[in-house]
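K.L.:
What follows is a single structure, and I will ask about it in a moment.
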Amino acid sequence: MKIRLHSTALFWTLITLMALLSLWIRMAFPILAVGWASHDDLLFVRQAVDIGRGNWLGDYNNLTLAKGIGYSLFMLANHATGLPLKFSEHAFYLATAAYFSVTVAQLHRSHAAALVCFFLLAFIPTVWVAGVGGRVVREGLYISQSLLLLTLGIRCWVLPSTKKAASQINTHGFTLLALGMVAGWFWITREEGIWLLPSMLLMQGYWLLRQTDWRLQWRAILGFLSVPLLAASLVVMTISTVNYAVYGTFRNNDFRSSDYQAGYGALTRIRHDNWQRYVLFPKDAREKAYEMSSAARELKPFFEGKGGERWLAAGCNQTQTSPCPEILSGWFMWALRDAVADAGHYNSARDSRAFYRRLSAEIDDGCRQRPGECLPMRKTLLPPWHEGYLSDTLEASWAVFQTLATLGRIPAHTQPSEGDDKHLALFDAVTNGALTPTAASKGAWGEHTLRSPRDQIRTHWAQQLTTGITTLSTYALPMALVVWVMWSVVAGLQLLRRRVLPKAGWWLTSAVAVGIVTRVVLLGSLEATSIPSNNMLYLFPLVPFSLAMPPLVLWGMLRSLSHEPEHAESPTN
């Protein structure tokens with residue numbers, strides 16, 4: 001008993017020390033405020049301000065419901081504490097990483113496995129990269145939400161024993177409820193939450209396969225599966241209900257709405273004279289749309305004027321595309337909303353909804369009269385399929401995976417904030433500071449980068465850790481995935497020949513691997529068809545998965561080769 005207590009105390013001491021060291025290093029990297037980013041960083045800050053003032057999301061316009069409010073709510077709650085935003089983000093992340101690591105310890109009965117996992121997660125290199133972990137964008141929260149959702153799924157569907165389902169509801173009721181609440185929060189934070197669904201379904205399938213006496217237990221099984229679904233629905237519906245009460249539209253995000261997707265899809269179904277990658281609505285397609293639809297003609301002054309030129313320049317400059325005669329697809333979705341607003345249809349949610357429906361109906365009617373100029377009816381944000389997209393997606397996915405494995409090879413660094421004084425002051429107030437100074441600002445010593453020896457030490461340590469973990473990840477992640485594939489083949493053969501389910505460690509590791517593959521392919525498809533997506537900001541939520549993969553494969557394989565019984569319900573040494 002004494003040895004066990006000493007082991008547990010040492011385990012938590014090491015976890016605590018690593019967490020404190022990680023927090024200490026993290027706070028050497030101030031916030032990178034991008035004050036001109038009205039559709040990203042500045043939008044989240046403004047929404048937090050509006051909610052805090054009791055004005056919900058402010059006066060209705062084309063940005064009001066453009067993005068989920070999960071991050072703005074977190075930012076507002078943090079503002080009340082007085083803690084720096086990046087301190088709270090990182091503390092939440094470390095708590096989630098510890099929860100995940102303890103879950104790994106429980107499943108593998110190994111404190112060593114948990115300590116290795118937590119070390120890699122605690123010193124994740126991307127958090128001290130200015131353009132990734134330093135910005136006031138959703139990814140700083142989304143990374144924790146993704147890992148927490150995965151961990152809660154493990155505790156609900158992988159750890160429970162084969163007890164009766166009714167008994168499991170009593171034992172894991174709070175965890176099931178937490179899973180649903182976090183899933184709802186996850187859903188209202190970003191728009192592509194579907195990428196984690198395959199991992200969750202895989203773990204849920206493992207739980208279902210271990211249930212017995214389905215005839216007698218079907219009500220309890222259904223109840224066990226329903227609790228998180230109902231809790232998640234409650235969170236999402238609460239936000240949608242408030243939006244309905246304030247703006248008259250029952251939704252949490254415009255980009256998921258059928259009316260916007262119908263209007264967007266109608267414009268992108270018009271055939272182009274000459275296909276160009278990343279171009280959905282070129283000049284020749286616009287001219288056809290103006291002929292077909294009076295609603296489209298209302299958008300002509302914007303698209304053929306300074307508004308269209310502004311969005312064309314934004315996309316071309318950010319992607320360094322030259323020549324670039326058209327608005328690129330990653331920016332077209334925003335240009336369309338601006339065009340509708342410029343035409344006076346974003347004064348209310350009802351008006352904008354009616355306009356998109358009219359636009360869709362008129363284009364679709366025009367296409368029925370001129371079928372040769374249109375593709376089949378579309379009500380989606382996905383680009384029309386083009387030959388070569390499959391091979392391009394595979395090639396792009398491989399490039400995205402290489403970026404993930406190497407963590408972009410970006411050193412730890414800070415960079416100056418950008419924007420006017422008014423917006424930077426707003427960032428500073430809402431986030432509780434501290435911001436990196438702008439490039440033009442000068443301190444009392446004639447420079448804006450004056451740093452104390454303490455911060456120089458912390459930056460040096462961050463750079464050393466970044467170099468070491470990046471080197472490890474570059475080789476360990478591909479190797480871990482190869483071993484996982486081999487492990488999966490063996491597990492599949494055992495299932496077919498001996499009717500024996502793989503051990504829980506395989507299901508946990510597979511959930512992580514499936515999450516990696518799903519998001520990498522998602523970003524690869526976007527890179528190939530829609531918008532440059534091979535960057536560490538979009539990969540940021542996936543980095544904890546990739547760092548945890550090698551130790552999970554190592555301990556999982558060792559566990560599968562052993563003859564020890566499966567994990568118990570309670571933590572062990």
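Residues in the structure tokens are named by chain (A, B, ... in the order shown) and by number from 1 within that chain; ligands are numbered from 1 in the order shown.
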List the neighbours of Pro544 of chain A out to 8 Å using only C-alpha atoms; skip same-chain residues closer than 2 positions along the sequence, and give me the result as a PyMOL selection string.
P.N.:
chain A and resi 121+124+143+147+541-542+546-548
K.L.:
Taking 3 positions as the minimum chain separation for residues in the same chain, which residues sit within 10 Å of segment 364-377 of chain A when counting only C-alpha atoms? Answer as a compact mmCIF listing (two decimals) with N, CA and C atoms, in the first residue's frame.
P.N.:
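The result, written out as around.txt:
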# COMPACT_ATOMS: atom_id res chain seq x y z
N ALA A 262 -28.28 27.22 -50.40
CA ALA A 262 -29.03 27.18 -51.66
C ALA A 262 -28.61 28.33 -52.57
N GLY A 263 -28.49 29.54 -52.02
CA GLY A 263 -28.07 30.67 -52.84
C GLY A 263 -26.65 30.51 -53.35
N GLY A 265 -24.98 27.65 -53.66
CA GLY A 265 -24.94 26.53 -54.59
C GLY A 265 -25.50 26.87 -55.95
N ALA A 266 -26.53 27.74 -55.98
CA ALA A 266 -27.12 28.14 -57.26
C ALA A 266 -26.11 28.89 -58.12
N LEU A 267 -25.37 29.80 -57.52
CA LEU A 267 -24.38 30.56 -58.28
C LEU A 267 -23.25 29.67 -58.79
N THR A 268 -22.88 28.68 -58.00
CA THR A 268 -21.73 27.84 -58.37
C THR A 268 -22.11 26.70 -59.31
N ARG A 269 -23.42 26.57 -59.65
CA ARG A 269 -23.81 25.53 -60.61
C ARG A 269 -23.73 26.02 -62.05
N ILE A 270 -23.54 27.32 -62.24
CA ILE A 270 -23.46 27.87 -63.59
C ILE A 270 -22.12 27.49 -64.22
N ARG A 271 -22.17 26.94 -65.41
CA ARG A 271 -20.96 26.47 -66.08
C ARG A 271 -20.02 27.63 -66.46
N HIS A 272 -18.72 27.33 -66.42
CA HIS A 272 -17.70 28.31 -66.79
C HIS A 272 -17.22 28.01 -68.20
N ASP A 273 -16.84 29.05 -68.92
CA ASP A 273 -16.25 28.84 -70.24
C ASP A 273 -14.90 28.15 -70.13
N ALA A 285 -19.64 33.38 -65.81
CA ALA A 285 -20.73 32.83 -65.02
C ALA A 285 -21.57 33.95 -64.41
N LYS A 288 -24.01 35.33 -66.99
CA LYS A 288 -25.16 34.43 -67.16
C LYS A 288 -26.12 34.56 -65.99
N ALA A 289 -25.57 34.69 -64.77
CA ALA A 289 -26.44 34.83 -63.59
C ALA A 289 -27.24 36.12 -63.65
N GLU A 291 -28.31 37.59 -66.25
CA GLU A 291 -29.37 37.41 -67.23
C GLU A 291 -30.51 36.57 -66.67
N MET A 292 -30.19 35.60 -65.84
CA MET A 292 -31.20 34.67 -65.32
C MET A 292 -32.01 35.24 -64.17
N SER A 293 -31.39 36.09 -63.34
CA SER A 293 -31.98 36.41 -62.05
C SER A 293 -31.92 37.91 -61.74
N ARG A 358 -34.76 33.51 -52.90
CA ARG A 358 -35.15 34.06 -54.20
C ARG A 358 -34.03 33.90 -55.21
N LEU A 359 -32.81 34.16 -54.79
CA LEU A 359 -31.65 33.98 -55.68
C LEU A 359 -31.58 32.54 -56.17
N SER A 360 -31.74 31.60 -55.25
CA SER A 360 -31.67 30.18 -55.60
C SER A 360 -32.80 29.81 -56.56
N ALA A 361 -34.02 30.26 -56.26
CA ALA A 361 -35.16 29.89 -57.09
C ALA A 361 -35.03 30.47 -58.50
N THR A 380 -25.17 23.38 -51.58
CA THR A 380 -24.02 23.01 -50.77
C THR A 380 -22.91 24.03 -50.96
N PRO A 384 -18.21 22.31 -57.22
CA PRO A 384 -18.58 21.26 -58.18
C PRO A 384 -17.38 20.34 -58.44
K.L.:
Would you mind telling me which residue in A:Gln320, A:Thr103, A:Thr406, A:Thr431 lies nearest to Phe87 of chain A when using only C-alpha atoms?
P.N.:
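Of A:Gln320, A:Thr103, A:Thr406, A:Thr431, the one nearest Phe87 of chain A is A:Thr431, counting only C-alpha atoms.
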K.L.:
Counting only C-alpha atoms, figure out which residue out of A:Leu176, A:Leu14, A:Ala28, A:Ala341 gets nearest to Ala112 of chain A.
P.N.:
A:Leu14
K.L.:
Do a neighbour search on Leu558 of chain A at 12 Å with only C-alpha atoms, toss out local chain neighbours closer than 2 positions, and write the hits as a ChimeraX atom specification.
P.N.:
/A:108-110,113,487,503,505-506,551-556,560-564
K.L.:
What residues in segment 225-265 of chain A get the DSSP label helix (DSSP H, G or I)? Please answer as a VMD selection string.
P.N.:
chain A and resid 225 to 247 254 to 256 258 to 265
K.L.:
Name the residues in contact with segment 332-335 of chain A at a cut-off of 9 Å, using only C-alpha atoms, excluding same-chain residues fewer than 2 positions from it; report them as a ChimeraX atom specification.
P.N.:
/A:39,62,264,279-281,302-303,307-308,310-312,315,327-330,337-340,381
K.L.:
Write out as number ranges by chain which residues come within 12 Å of Leu159 of chain A when counting only C-alpha atoms, dropping same-chain ones fewer than 3 positions away.
P.N.:
A: 102-109, 151-156, 162-163, 168, 171-172, 175, 203-204, 206-207, 210, 503-505, 507-508, 566-571
K.L.:
So, with only C-alpha atoms as the atoms that count, which of A:Ala528, A:Met200, A:Val521, A:Ala476 lies closest to Gly388 of chain A?
P.N.:
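Smallest separation from Gly388 of chain A among the options: A:Ala528.
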K.L.:
Near Phe74 of chain A, within 9 Å and counting only C-alpha atoms, which residues show up once chain neighbours fewer than 5 positions away are dropped, as a list in words?
P.N.:
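Surrounding residues, per the criterion: Ala48, Ile69, His79 and Leu141 of chain A.
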K.L.:
Might you pull out every residue within 9 Å of Thr212 of chain A, with only C-alpha atoms counted and same-chain residues fewer than 4 positions away left off, and present them as a PyMOL selection string?
P.N.:
chain A and resi 162-165+208+216-217
